[in-house]
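Next comes final.cif, a file with mmCIF, C-alpha atoms.
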```cif
data_structure
#
loop_
_atom_site.label_atom_id
_atom_site.label_comp_id
_atom_site.auth_asym_id
_atom_site.auth_seq_id
_atom_site.Cartn_x
_atom_site.Cartn_y
_atom_site.Cartn_z
CA MET H 1 10.89 41.01 80.00
CA VAL H 2 11.46 42.54 83.45
CA ILE H 3 8.56 43.64 85.66
CA GLU H 4 8.14 45.07 89.14
CA LEU H 5 6.13 42.71 91.33
CA LYS H 6 4.87 42.52 94.89
CA ILE H 7 4.54 39.02 96.34
CA GLN H 8 1.11 38.49 97.88
CA LYS H 9 1.53 34.99 99.35
CA ILE H 10 3.36 31.66 99.14
CA ILE H 11 1.42 28.76 97.60
CA PHE H 12 1.77 24.97 97.83
CA GLY H 13 4.75 24.24 95.61
CA GLY H 14 6.85 26.92 97.31
CA PHE H 15 6.28 29.68 94.76
CA GLY H 16 5.55 33.27 95.61
CA LEU H 17 2.42 34.62 93.90
CA GLY H 18 2.05 38.14 92.61
CA GLU H 19 -0.14 39.83 90.01
CA TYR H 20 0.92 42.00 87.06
CA GLU H 21 -1.72 43.70 84.94
CA GLY H 22 -4.23 40.99 85.80
CA VAL H 23 -1.85 38.09 85.15
CA LYS H 24 -0.73 35.79 87.95
CA VAL H 25 3.05 35.54 88.24
CA PHE H 26 4.82 32.74 90.13
CA VAL H 27 8.35 33.32 91.45
CA PRO H 28 10.40 30.89 93.58
CA TYR H 29 12.57 31.80 96.60
CA THR H 30 10.44 34.76 97.65
CA CYS H 31 8.58 35.94 100.77
CA PRO H 32 5.18 37.59 101.18
CA GLU H 33 5.13 41.38 100.89
CA GLU H 34 8.49 41.55 99.10
CA LYS H 35 8.83 44.00 96.22
CA LEU H 36 10.96 42.59 93.41
CA LEU H 37 12.23 43.10 89.92
CA VAL H 38 11.29 39.87 88.19
CA ASN H 39 12.63 38.46 84.95
CA ILE H 40 9.79 36.65 83.14
CA LYS H 41 11.13 33.31 81.94
CA GLU H 42 7.98 31.75 80.52
CA LYS H 43 4.48 32.93 79.60
CA LYS H 44 1.70 30.36 79.92
CA LYS H 45 -1.90 30.91 78.86
CA HIS H 46 -3.18 31.86 82.32
CA TYR H 47 0.00 32.70 84.26
CA TRP H 48 3.68 33.61 83.95
CA LEU H 49 6.78 32.08 85.52
CA GLY H 50 9.57 34.38 86.67
CA GLU H 51 12.81 34.57 88.62
CA ILE H 52 14.19 37.22 90.92
CA LYS H 53 16.36 39.80 89.15
CA GLU H 54 16.59 42.17 92.11
CA ILE H 55 15.04 42.42 95.57
CA LEU H 56 13.82 45.99 95.95
CA GLU H 57 12.20 45.59 99.37
CA PRO H 58 13.13 42.38 101.21
CA SER H 59 10.90 40.72 103.78
CA PRO H 60 12.04 41.10 107.41
CA PHE H 61 11.86 37.29 107.53
CA ARG H 62 14.34 36.80 104.69
CA ILE H 63 17.68 35.34 105.85
CA LYS H 64 20.90 34.37 104.15
CA PRO H 65 20.69 30.69 103.13
CA LYS H 66 23.28 28.50 104.83
CA CYS H 67 23.59 26.26 101.76
CA PRO H 68 25.83 27.48 98.89
CA ILE H 69 23.76 25.66 96.21
CA PHE H 70 20.31 26.35 97.64
CA THR H 71 18.61 27.75 94.52
CA GLN H 72 20.20 25.13 92.26
CA CYS H 73 19.41 21.97 94.24
CA GLY H 74 15.87 20.60 94.19
CA SER H 75 15.74 19.49 97.83
CA CYS H 76 14.91 22.67 99.76
CA ASP H 77 12.49 25.53 99.12
CA PHE H 78 12.63 27.74 102.22
CA LEU H 79 16.26 28.08 103.29
CA HIS H 80 15.95 31.83 102.62
CA ILE H 81 13.16 32.15 105.22
CA ASP H 82 13.48 32.29 109.00
CA TYR H 83 12.45 28.88 110.32
CA PHE H 84 9.70 30.14 112.63
CA TYR H 85 8.17 32.09 109.77
CA GLN H 86 8.26 28.93 107.67
CA LEU H 87 5.80 27.50 110.19
CA VAL H 88 3.50 30.48 109.69
CA LEU H 89 3.67 30.06 105.91
CA LYS H 90 2.78 26.37 106.10
CA LYS H 91 -0.33 27.25 108.11
CA LEU H 92 -1.27 29.87 105.51
CA ILE H 93 -0.64 27.45 102.61
CA VAL H 94 -2.98 24.81 104.07
CA SER H 95 -5.60 27.39 105.03
CA ASP H 96 -5.50 28.92 101.55
CA THR H 97 -5.77 25.47 99.90
CA LEU H 98 -8.80 24.53 102.02
CA GLN H 99 -10.53 27.81 101.23
CA HIS H 100 -9.64 27.89 97.54
CA LEU H 101 -10.38 24.26 96.63
CA SER H 102 -13.15 23.31 99.06
CA LYS H 103 -14.56 26.52 100.53
CA ILE H 104 -13.60 25.24 103.99
CA PHE H 105 -12.82 27.99 106.50
CA PHE H 106 -11.30 26.57 109.66
CA PRO H 107 -8.87 28.29 112.07
CA LEU H 108 -5.41 26.69 112.08
CA LYS H 109 -2.41 27.01 114.37
CA ASN H 110 1.23 26.97 113.35
CA PRO H 111 2.87 23.54 113.48
CA LEU H 112 5.18 22.99 116.43
CA PRO H 113 8.86 23.66 115.70
CA VAL H 114 11.09 20.63 115.31
CA LEU H 115 14.75 19.98 114.51
CA PRO H 116 15.15 22.12 111.35
CA PHE H 117 18.36 20.57 109.99
CA ASN H 118 20.05 17.13 109.78
CA TYR H 119 16.67 15.48 110.20
CA ARG H 120 16.17 13.19 107.20
CA ASN H 121 16.22 9.49 108.12
CA LYS H 122 16.20 8.47 104.46
CA VAL H 123 17.98 9.82 101.37
CA GLN H 124 17.98 8.68 97.76
CA MET H 125 20.86 10.09 95.71
CA VAL H 126 21.37 9.84 91.97
CA ILE H 127 24.69 8.57 90.57
CA LYS H 128 25.79 10.09 87.26
CA LYS H 129 28.98 10.51 85.28
CA ASN H 130 30.01 13.10 82.75
CA GLU H 131 33.71 13.83 83.00
CA LYS H 132 33.64 12.77 86.63
CA ILE H 133 31.23 10.92 88.90
CA SER H 134 28.53 12.95 90.65
CA ILE H 135 26.35 11.73 93.52
CA GLY H 136 23.59 14.04 94.63
CA TYR H 137 20.12 15.36 93.87
CA TYR H 138 18.53 16.55 90.67
CA LYS H 139 18.90 20.22 89.92
CA LYS H 140 15.48 21.84 90.12
CA ASN H 141 13.24 20.96 87.16
CA THR H 142 16.04 19.06 85.39
CA HIS H 143 17.73 15.66 85.30
CA GLU H 144 21.11 17.25 85.89
CA VAL H 145 22.71 16.03 89.13
CA ILE H 146 24.10 18.59 91.50
CA GLU H 147 26.48 17.58 94.27
CA ASN H 148 26.36 18.75 97.84
CA PRO H 149 28.96 17.02 100.03
CA ASN H 150 27.55 18.73 103.14
CA CYS H 151 23.77 18.72 102.73
CA LEU H 152 22.21 20.54 105.68
CA ILE H 153 19.03 18.48 105.97
CA ASN H 154 20.88 15.15 105.94
CA PRO H 155 22.48 13.61 109.01
CA THR H 156 26.23 14.21 108.92
CA ILE H 157 26.90 10.48 108.61
CA PHE H 158 24.93 10.34 105.34
CA ASN H 159 27.18 13.03 103.91
CA GLU H 160 30.26 11.13 105.06
CA ILE H 161 29.07 7.88 103.45
CA ARG H 162 28.18 9.68 100.25
CA ASN H 163 31.60 11.30 100.03
CA SER H 164 33.35 7.97 100.70
CA PHE H 165 31.23 6.18 98.10
CA ARG H 166 32.05 8.75 95.44
CA GLN H 167 35.77 8.30 96.15
CA PHE H 168 35.37 4.50 96.07
CA LEU H 169 33.66 4.62 92.67
CA GLU H 170 36.30 6.95 91.21
CA GLU H 171 39.16 4.75 92.40
CA ASN H 172 37.63 1.52 91.06
CA ASN H 173 36.35 2.65 87.65
CA PHE H 174 32.73 1.49 88.03
CA GLU H 175 30.28 1.81 85.15
CA ILE H 176 27.63 4.46 85.82
CA TYR H 177 24.14 4.31 84.33
CA ASP H 178 23.24 6.81 81.60
CA GLU H 179 19.48 7.34 81.47
CA ARG H 180 19.65 8.69 77.90
CA THR H 181 21.38 5.65 76.39
CA GLN H 182 20.19 3.25 79.11
CA GLU H 183 23.72 1.87 79.25
CA GLY H 184 26.01 1.52 82.26
CA ASN H 185 25.15 0.12 85.66
CA LEU H 186 25.15 1.99 88.99
CA ARG H 187 22.13 4.27 89.42
CA PHE H 188 21.34 5.30 93.01
CA LEU H 189 22.70 5.45 96.55
CA VAL H 190 20.01 4.96 99.21
CA MET H 191 20.57 5.32 102.97
CA ARG H 192 18.16 4.85 105.88
CA LEU H 193 18.94 5.62 109.52
CA GLY H 194 17.37 4.72 112.83
CA MET H 195 17.65 8.01 114.69
CA LYS H 196 17.23 6.30 118.07
CA THR H 197 19.07 3.08 117.29
CA ASP H 198 21.88 4.81 115.34
CA LYS H 199 21.93 1.98 112.78
CA ILE H 200 22.10 2.42 109.01
CA LEU H 201 20.68 0.43 106.11
CA LEU H 202 22.85 1.04 103.03
CA ILE H 203 21.53 0.24 99.55
CA ILE H 204 23.25 0.50 96.16
CA VAL H 205 20.99 0.35 93.10
CA GLY H 206 22.18 -0.88 89.70
CA LYS H 207 21.05 -2.62 86.54
CA GLU H 208 23.09 -5.74 87.29
CA TYR H 209 25.22 -7.04 90.13
CA ASP H 210 28.87 -6.00 90.28
CA LYS H 211 30.63 -8.11 92.89
CA ARG H 212 33.31 -5.43 93.38
CA ILE H 213 30.73 -3.32 95.23
CA GLU H 214 31.13 -5.70 98.20
CA ARG H 215 34.48 -4.09 98.98
CA PHE H 216 32.83 -0.77 99.84
CA ILE H 217 31.94 -1.92 103.37
CA ASP H 218 35.66 -2.20 104.13
CA PHE H 219 36.34 1.16 102.48
CA LEU H 220 34.33 2.89 105.21
CA SER H 221 35.89 4.04 108.47
CA PRO H 222 35.55 1.58 111.39
CA GLU H 223 33.28 4.05 113.19
CA ILE H 224 30.81 4.18 110.28
CA LYS H 225 31.10 0.46 109.49
CA ASN H 226 30.03 -0.38 113.05
CA LYS H 227 26.78 1.52 112.46
CA ILE H 228 25.87 -0.36 109.27
CA THR H 229 23.21 -2.97 110.10
CA GLY H 230 22.65 -4.03 106.50
CA PHE H 231 24.39 -3.57 103.14
CA LEU H 232 22.16 -4.38 100.16
CA TYR H 233 22.32 -4.34 96.38
CA ASN H 234 19.06 -3.63 94.57
CA LEU H 235 18.58 -4.74 90.97
CA ASN H 236 16.66 -2.21 88.88
CA PRO H 237 17.05 -2.74 85.12
CA LEU H 238 13.91 -0.80 84.18
CA PRO H 239 14.46 2.45 82.22
CA LYS H 240 12.19 4.50 84.47
CA ASN H 241 12.69 6.95 87.34
CA ARG H 242 11.49 4.50 90.00
CA ILE H 243 14.46 4.10 92.31
CA LEU H 244 14.12 0.62 93.81
CA GLY H 245 13.45 -2.55 91.86
CA SER H 246 11.82 -5.61 93.43
CA ASP H 247 14.95 -7.78 93.84
CA PHE H 248 17.52 -7.34 96.61
CA ILE H 249 20.85 -9.03 97.22
CA VAL H 250 21.97 -8.99 100.85
CA ILE H 251 25.72 -8.36 100.74
CA TRP H 252 26.15 -8.09 104.48
CA GLY H 253 23.91 -7.98 107.56
CA ASN H 254 20.11 -7.59 107.47
CA PRO H 255 17.65 -6.38 104.81
CA PHE H 256 16.05 -4.06 107.37
CA TYR H 257 16.85 -1.67 110.22
CA PHE H 258 15.16 -0.82 113.51
CA GLU H 259 13.77 2.43 114.85
CA GLU H 260 12.15 3.38 118.15
CA LEU H 261 9.13 5.64 118.56
CA LEU H 262 7.58 6.43 121.97
CA ASN H 263 9.37 3.45 123.53
CA LYS H 264 8.09 1.03 120.89
CA LYS H 265 10.44 -0.75 118.48
CA PHE H 266 9.83 -1.01 114.74
CA ARG H 267 11.46 -3.04 112.00
CA ILE H 268 11.61 -1.22 108.66
CA SER H 269 12.58 -3.05 105.47
CA ALA H 270 14.49 -1.44 102.62
CA ASN H 271 11.44 -0.42 100.61
CA SER H 272 8.87 0.04 103.40
CA PHE H 273 7.47 3.53 103.88
CA PHE H 274 8.40 5.33 107.09
CA GLN H 275 7.98 8.99 108.04
CA ILE H 276 11.09 11.08 107.32
CA HIS H 277 11.50 13.11 110.55
CA HIS H 278 11.79 11.23 113.86
CA GLN H 279 10.86 14.08 116.21
CA ALA H 280 7.94 15.18 114.02
CA THR H 281 6.72 11.59 113.78
CA GLU H 282 6.64 11.31 117.57
CA ASN H 283 4.72 14.61 117.66
CA LEU H 284 2.27 13.16 115.14
CA LEU H 285 1.80 9.96 117.16
CA LYS H 286 1.32 11.79 120.46
CA ARG H 287 -1.27 14.11 118.97
CA ALA H 288 -3.03 11.25 117.14
CA TRP H 289 -3.27 9.36 120.44
CA GLU H 290 -4.78 12.39 122.16
CA LEU H 291 -7.30 13.01 119.37
CA ILE H 292 -8.35 9.38 119.01
CA ALA H 293 -8.82 9.28 122.82
CA PRO H 294 -8.59 5.47 122.91
CA GLU H 295 -11.06 3.59 125.12
CA LYS H 296 -10.95 -0.03 126.24
CA ASN H 297 -13.98 -1.03 124.12
CA ASP H 298 -12.77 0.63 120.91
CA THR H 299 -12.40 -1.23 117.63
CA ILE H 300 -10.10 0.82 115.41
CA PHE H 301 -9.41 0.39 111.69
CA ASP H 302 -5.93 1.62 110.70
CA LEU H 303 -6.06 2.10 106.92
CA TYR H 304 -2.84 2.35 104.89
CA SER H 305 -1.17 1.08 108.05
CA GLY H 306 2.41 0.74 106.75
CA VAL H 307 4.73 -0.89 109.29
CA GLY H 308 2.05 -0.43 111.96
CA ILE H 309 3.09 2.64 113.94
CA PHE H 310 -0.42 3.92 114.75
CA SER H 311 -1.74 0.41 115.51
CA ILE H 312 1.10 -0.51 117.83
CA ILE H 313 1.09 2.79 119.73
CA LEU H 314 -2.68 2.52 120.31
CA SER H 315 -2.83 -1.24 120.93
CA PRO H 316 -2.50 -1.27 124.76
CA TYR H 317 -5.49 1.05 125.19
CA VAL H 318 -8.21 -0.50 122.98
CA LYS H 319 -10.12 -3.74 122.44
CA GLU H 320 -9.07 -4.44 118.85
CA ILE H 321 -7.23 -2.88 115.90
CA VAL H 322 -7.39 -3.97 112.25
CA GLY H 323 -4.65 -2.60 109.99
CA VAL H 324 -4.86 -2.71 106.20
CA GLU H 325 -1.72 -2.38 104.05
CA SER H 326 -1.20 -3.10 100.33
CA GLU H 327 2.63 -3.22 100.23
CA LYS H 328 3.87 -6.70 101.12
CA ASN H 329 7.16 -5.64 102.73
CA ALA H 330 5.48 -3.10 104.99
CA TYR H 331 2.78 -5.67 105.86
CA GLU H 332 5.43 -8.24 106.85
CA ASP H 333 7.23 -5.59 108.91
CA ALA H 334 3.94 -4.81 110.66
CA LEU H 335 3.42 -8.50 111.53
CA PHE H 336 6.92 -8.62 112.99
CA ASN H 337 6.40 -5.36 114.89
CA LYS H 338 3.15 -6.68 116.33
CA ILE H 339 5.01 -9.65 117.81
CA ILE H 340 8.04 -7.81 119.23
CA ASN H 341 5.75 -5.23 120.87
CA ASN H 342 3.36 -7.91 122.18
CA CYS H 343 0.31 -6.40 120.50
CA LEU H 344 -1.94 -9.45 120.41
CA ASN H 345 -5.11 -7.44 119.76
CA VAL H 346 -3.84 -6.14 116.40
CA ASN H 347 -4.69 -7.93 113.15
CA PHE H 348 -2.99 -6.81 109.93
CA ILE H 349 -4.51 -7.59 106.54
CA LEU H 350 -2.54 -7.56 103.27
CA GLY H 351 -4.54 -5.91 100.52
CA LYS H 352 -5.79 -2.66 99.04
CA CYS H 353 -8.28 -0.72 101.12
CA GLU H 354 -10.59 -0.68 98.09
CA ASP H 355 -10.72 -4.49 98.20
CA VAL H 356 -10.59 -5.14 101.95
CA LEU H 357 -12.97 -2.60 103.45
CA SER H 358 -16.10 -4.29 102.08
CA GLN H 359 -15.22 -7.30 104.27
CA LEU H 360 -15.04 -5.19 107.45
CA THR H 361 -18.04 -4.17 109.47
CA LYS H 362 -18.10 -2.06 112.58
CA ALA H 363 -15.43 0.29 113.91
CA THR H 364 -15.72 2.91 116.61
CA LYS H 365 -12.83 4.91 115.12
CA ILE H 366 -10.93 4.84 111.81
CA ILE H 367 -7.49 6.22 110.97
CA VAL H 368 -6.69 6.92 107.32
CA ASP H 369 -3.15 7.81 106.22
CA PRO H 370 -3.31 7.51 102.41
CA PRO H 371 -0.57 8.27 99.87
CA ARG H 372 -0.43 11.67 98.17
CA LYS H 373 -3.31 10.85 95.82
CA GLY H 374 -5.67 10.71 98.81
CA LEU H 375 -8.77 8.55 99.23
CA SER H 376 -10.42 6.87 96.26
CA PRO H 377 -14.21 7.16 95.80
CA ILE H 378 -14.51 3.46 96.76
CA VAL H 379 -12.74 4.02 100.10
CA ILE H 380 -14.88 7.05 100.87
CA LYS H 381 -18.01 5.03 100.02
CA GLU H 382 -16.91 2.30 102.44
CA LEU H 383 -16.10 4.82 105.18
CA VAL H 384 -19.62 6.19 104.82
CA ARG H 385 -21.07 2.66 104.97
CA ILE H 386 -19.14 1.78 108.15
CA SER H 387 -20.01 5.21 109.55
CA PRO H 388 -17.53 5.38 112.46
CA PRO H 389 -18.17 8.06 115.10
CA VAL H 390 -14.59 9.31 114.60
CA ILE H 391 -12.32 9.52 111.54
CA LEU H 392 -8.70 10.63 111.95
CA TYR H 393 -7.27 11.72 108.59
CA VAL H 394 -3.49 12.03 108.16
CA SER H 395 -2.30 13.65 104.92
CA CYS H 396 0.84 15.03 103.29
CA ASN H 397 -1.04 16.69 100.40
CA PRO H 398 -3.23 19.72 101.17
CA ALA H 399 -4.98 19.52 97.78
CA THR H 400 -6.24 15.93 98.02
CA PHE H 401 -6.91 16.43 101.73
CA ALA H 402 -9.13 19.43 100.92
CA ARG H 403 -10.95 17.43 98.23
CA ASP H 404 -11.60 14.43 100.50
CA LEU H 405 -12.56 16.57 103.47
CA LYS H 406 -15.17 18.40 101.41
CA THR H 407 -16.67 15.05 100.38
CA LEU H 408 -16.70 13.58 103.90
CA LEU H 409 -18.42 16.68 105.29
CA THR H 410 -21.37 16.02 102.98
CA PHE H 411 -21.91 12.68 104.78
CA ASN H 412 -22.85 14.10 108.15
CA TYR H 413 -19.34 14.66 109.59
CA ASP H 414 -18.03 17.77 111.31
CA ILE H 415 -14.47 18.98 111.70
CA GLU H 416 -13.39 18.91 115.32
CA THR H 417 -9.80 19.96 114.65
CA ILE H 418 -7.20 20.32 111.90
CA GLU H 419 -3.59 20.40 113.06
CA LEU H 420 -0.24 20.62 111.30
CA ILE H 421 3.03 18.76 111.82
CA ASP H 422 6.30 20.08 110.37
CA MET H 423 7.53 16.79 108.92
CA PHE H 424 9.67 18.48 106.24
CA PRO H 425 11.54 21.60 107.48
CA GLN H 426 13.07 23.86 104.81
CA THR H 427 10.46 22.72 102.26
CA TYR H 428 6.89 23.71 101.47
CA HIS H 429 5.62 20.24 102.45
CA VAL H 430 3.58 19.77 105.61
CA GLU H 431 1.77 16.91 107.36
CA ILE H 432 -1.90 17.41 108.22
CA LEU H 433 -3.88 15.74 111.01
CA ALA H 434 -7.66 16.17 111.13
CA LYS H 435 -10.31 14.75 113.44
CA LEU H 436 -13.83 14.35 112.02
CA VAL H 437 -16.75 13.44 114.23
CA LYS H 438 -20.19 12.14 113.28
CA LYS H 439 -22.95 14.69 113.86
#
```
Using the file provided, produce a representation of the structure as structure tokens.
Amino acid sequence: MVIELKIQKIIFGGFGLGEYEGVKVFVPYTCPEEKLLVNIKEKKKHYWLGEIKEILEPSPFRIKPKCPIFTQCGSCDFLHIDYFYQLVLKKLIVSDTLQHLSKIFFPLKNPLPVLPFNYRNKVQMVIKKNEKISIGYYKKNTHEVIENPNCLINPTIFNEIRNSFRQFLEENNFEIYDERTQEGNLRFLVMRLGMKTDKILLIIVGKEYDKRIERFIDFLSPEIKNKITGFLYNLNPLPKNRILGSDFIVIWGNPFYFEELLNKKFRISANSFFQIHHQATENLLKRAWELIAPEKNDTIFDLYSGVGIFSIILSPYVKEIVGVESEKNAYEDALFNKIINNCLNVNFILGKCEDVLSQLTKATKIIVDPPRKGLSPIVIKELVRISPPVILYVSCNPATFARDLKTLLTFNYDIETIELIDMFPQTYHVEILAKLVKK
């Protein structure tokens, strides 16, 4: 079935939304105000899914994608849209989500532009073999791996390592894991890069250890090898999509790498969370510092504190900071980072916020940076009990952010500002920073 459709807006998820005879129709790789011929691929009960058959009236913001496999690969959503208009769309997506889910109407500004390509400091590539070995990302909505030897959002050095690793595997006849039969061995290639330090943590993931993998470090060019700070093998025998298992073998170097943010140094272990875009992360930290407006008598709680970036940046300006982190590796990194940055007024606690917050009493300001699922009812209850004058909420999920914001506003808080950070150029994802103040 082919229909003519006008795209009204872009929603979270990257789809264009139009309406045909009262039915909502979602179409990827579109722009607002475009008129299209759309091939309907699937009819659901309350909406249809379609794909572009022909662009009748293109948006003035539509551009030719630089990537030859853009609509096949699952990594990017907006390569067909001018970068500065992407920033406008992200503002509209968040604004629409707040209005639709929580009836919150608050004026937003576009996020600041950042480096739009070659920005990812971490990649996780799937290794598969049919007739030949493939190393890349899943094709959209499938478990088929599509290769891209020159991915535009990866640093060039990641592409070079990926290409060398594929050649190394081909030449040495390694067994590759098959997720259908759960046989074979090698599963993923993971790379992490310190953008300021120019050092790489290289991780191979497999079901069991294959000693031959140790030779890969000498297969790399001397220029790349000199940038490797750690070469690890991760054991993951579980038949699930989780990439990293709990056990690491250090083949060479360190099980961590270092990064610098705003003249502070941070150790990041192989499975510790760290924001993906260096420039955007510095923008986030600068703006968080300005909004928190640290004072010498402040006691700040940093919830979901990770490796401690907010705590350590704010430490010199306040009386005390308490960070709470549930992941052991990130917690241990935070303790190390506290020492190397001489932040003696920071205390990190290992545990879930749901368990730890009841033990904490008074804070003048609280930062929350939860995972995508947002704040649990227990955490919100504890925030209300502590009742800080200021809450700074950092989120990567507009839907759970809108839900939590609506709840917090019922407990005598007002929105002072909501700002956006473009942490993920070429995708629909966006980082949100909101300051709430007690009435």
Out of H:Leu79, H:Ile146, H:Leu433, H:Leu235, which residue has the shortest atom-to-atom distance to Pro65 (chain H) when counting only C-alpha atoms? H:Leu79
Could you write out as a VMD selection string the residues that the PyMOL selection byres ((chain H and resi 172) around 12) matches in the shown file? chain H and resid 133 165 to 171 173 to 176 210 212 to 213 215 to 216 219
Give me the result of the PyMOL selection byres ((chain H and resi 158) around 9) on this file, residue by residue, as a list in words. Lys122, Val123, Cys151, Asn154, Pro155, Thr156, Ile157, Asn159, Glu160, Ile161, Arg162, Asn163, Met191, Arg192 and Leu193 of chain H
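With all atoms listed in the file as the atoms that count, the minimum distance from Ala330 (chain H) to the choices H:Thr299, H:Ser387, H:Ser272, H:Ser305 is reached by H:Ser272.
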Using the chain letters and numbers from the file, give me the residues hit by the PyMOL selection byres ((chain H and resi 408) around 10), as a short mmCIF file (atom, residue, chain, number, x, y, z; two decimals) with C-alpha atoms, in the coordinates of the input.
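See part32.cif below for the written result:
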```cif
data_model
loop_
_atom_site.label_atom_id
_atom_site.label_comp_id
_atom_site.auth_asym_id
_atom_site.auth_seq_id
_atom_site.Cartn_x
_atom_site.Cartn_y
_atom_site.Cartn_z
CA ILE H 380 -14.88 7.05 100.87
CA LYS H 381 -18.01 5.03 100.02
CA LEU H 383 -16.10 4.82 105.18
CA VAL H 384 -19.62 6.19 104.82
CA ILE H 391 -12.32 9.52 111.54
CA ARG H 403 -10.95 17.43 98.23
CA ASP H 404 -11.60 14.43 100.50
CA LEU H 405 -12.56 16.57 103.47
CA LYS H 406 -15.17 18.40 101.41
CA THR H 407 -16.67 15.05 100.38
CA LEU H 409 -18.42 16.68 105.29
CA THR H 410 -21.37 16.02 102.98
CA PHE H 411 -21.91 12.68 104.78
CA ASN H 412 -22.85 14.10 108.15
CA TYR H 413 -19.34 14.66 109.59
CA ASP H 414 -18.03 17.77 111.31
CA ILE H 415 -14.47 18.98 111.70
CA LEU H 436 -13.83 14.35 112.02
#
```
Please provide the set of residues having any atom within 8 Å of Gly374 (chain H), restricted to all atoms listed in the file, with same-chain residues fewer than 6 positions apart removed, written as a ChimeraX atom specification. /H:395,397,400-401,404
Keeping only C-alpha atoms, take the residues you just selected and write them out as an mmCIF file, in the frame of the given file.
```cif
data_model
loop_
_atom_site.group_PDB
_atom_site.id
_atom_site.type_symbol
_atom_site.label_atom_id
_atom_site.label_comp_id
_atom_site.auth_asym_id
_atom_site.auth_seq_id
_atom_site.Cartn_x
_atom_site.Cartn_y
_atom_site.Cartn_z
ATOM 1 C CA SER H 395 -2.300 13.650 104.920
ATOM 2 C CA ASN H 397 -1.040 16.690 100.400
ATOM 3 C CA THR H 400 -6.240 15.930 98.020
ATOM 4 C CA PHE H 401 -6.910 16.430 101.730
ATOM 5 C CA ASP H 404 -11.600 14.430 100.500
#
```
Can you list, as an mmCIF file with C-alpha atoms, in the frame of the given file, every protein, DNA or RNA residue that comes within 12 Å of Gly22 (chain H) when you count only C-alpha atoms, leaving out same-chain residues fewer than 2 positions away?
```
data_model
loop_
_atom_site.group_PDB
_atom_site.id
_atom_site.type_symbol
_atom_site.label_atom_id
_atom_site.label_comp_id
_atom_site.auth_asym_id
_atom_site.auth_seq_id
_atom_site.Cartn_x
_atom_site.Cartn_y
_atom_site.Cartn_z
ATOM 1 C CA LEU H 5 6.130 42.710 91.330
ATOM 2 C CA GLY H 18 2.050 38.140 92.610
ATOM 3 C CA GLU H 19 -0.140 39.830 90.010
ATOM 4 C CA TYR H 20 0.920 42.000 87.060
ATOM 5 C CA LYS H 24 -0.730 35.790 87.950
ATOM 6 C CA VAL H 25 3.050 35.540 88.240
ATOM 7 C CA HIS H 46 -3.180 31.860 82.320
ATOM 8 C CA TYR H 47 0.000 32.700 84.260
ATOM 9 C CA TRP H 48 3.680 33.610 83.950
#
```
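The gap separating CA of Val307 (chain H) from CA of Val346 (chain H) is 12.3 Å, in Å to one decimal.
By chain and then residue number, the residues within 8 Å of Tyr317 (chain H) are Pro294, Glu295, Lys296, Leu314, Ser315 and Lys319 of chain H, counting only C-alpha atoms and disregarding those fewer than 2 positions away in sequence.
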Print the selection's residues with C-alpha atoms to a file, as a short mmCIF file (atom, residue, chain, number, x, y, z; two decimals), keeping the file's coordinate frame.
```cif
data_model
loop_
_atom_site.label_atom_id
_atom_site.label_comp_id
_atom_site.auth_asym_id
_atom_site.auth_seq_id
_atom_site.Cartn_x
_atom_site.Cartn_y
_atom_site.Cartn_z
CA PRO H 294 -8.59 5.47 122.91
CA GLU H 295 -11.06 3.59 125.12
CA LYS H 296 -10.95 -0.03 126.24
CA LEU H 314 -2.68 2.52 120.31
CA SER H 315 -2.83 -1.24 120.93
CA LYS H 319 -10.12 -3.74 122.44
#
```
Could you pull the residues within 9 Å of Ile386 (chain H), counting only C-alpha atoms, minus those fewer than 5 positions along the same chain, as a ChimeraX atom specification? /H:357,360-363,381
Check the smallest atom-to-atom distance from each of H:Ile203, H:Ile418, H:Leu392, H:Ile228 to Trp289 (chain H) using only C-alpha atoms, then report the winner. H:Leu392
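Using all atoms listed in the file, the smallest distance between any of H:Gly230, H:Gly308, H:Pro32, H:Pro60 and Cys343 (chain H) comes from H:Gly308.
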Mind checking which residues fall within 9 Å of region 256-270 of chain H, counting all atoms listed in the file, ignoring those fewer than 4 positions away in the same chain, and posting them as JSON, numbers by chain? {"H": [192, 193, 194, 195, 196, 197, 198, 199, 200, 201, 202, 203, 229, 230, 232, 248, 274, 278, 279, 281, 282, 285, 286, 307, 308, 309, 312, 313, 329, 330, 332, 333, 334, 336, 337, 338, 340, 341]}
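With all atoms listed in the file as the atoms that count, the minimum distance from Arg180 (chain H) to the choices H:Ser102, H:Pro149, H:Phe26, H:His143 is reached by H:His143.
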Using all atoms listed in the file for the distances, tell me which of H:Tyr209, H:Lys128, H:Glu147, H:Thr427 is nearest to Arg187 (chain H). H:Lys128
Pairwise distance, CA of Val322 (chain H) with CA of Leu350 (chain H), equals 10.8 Å
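Between CA of Lys240 (chain H) and CA of Lys373 (chain H) the separation is 20.2 Å.
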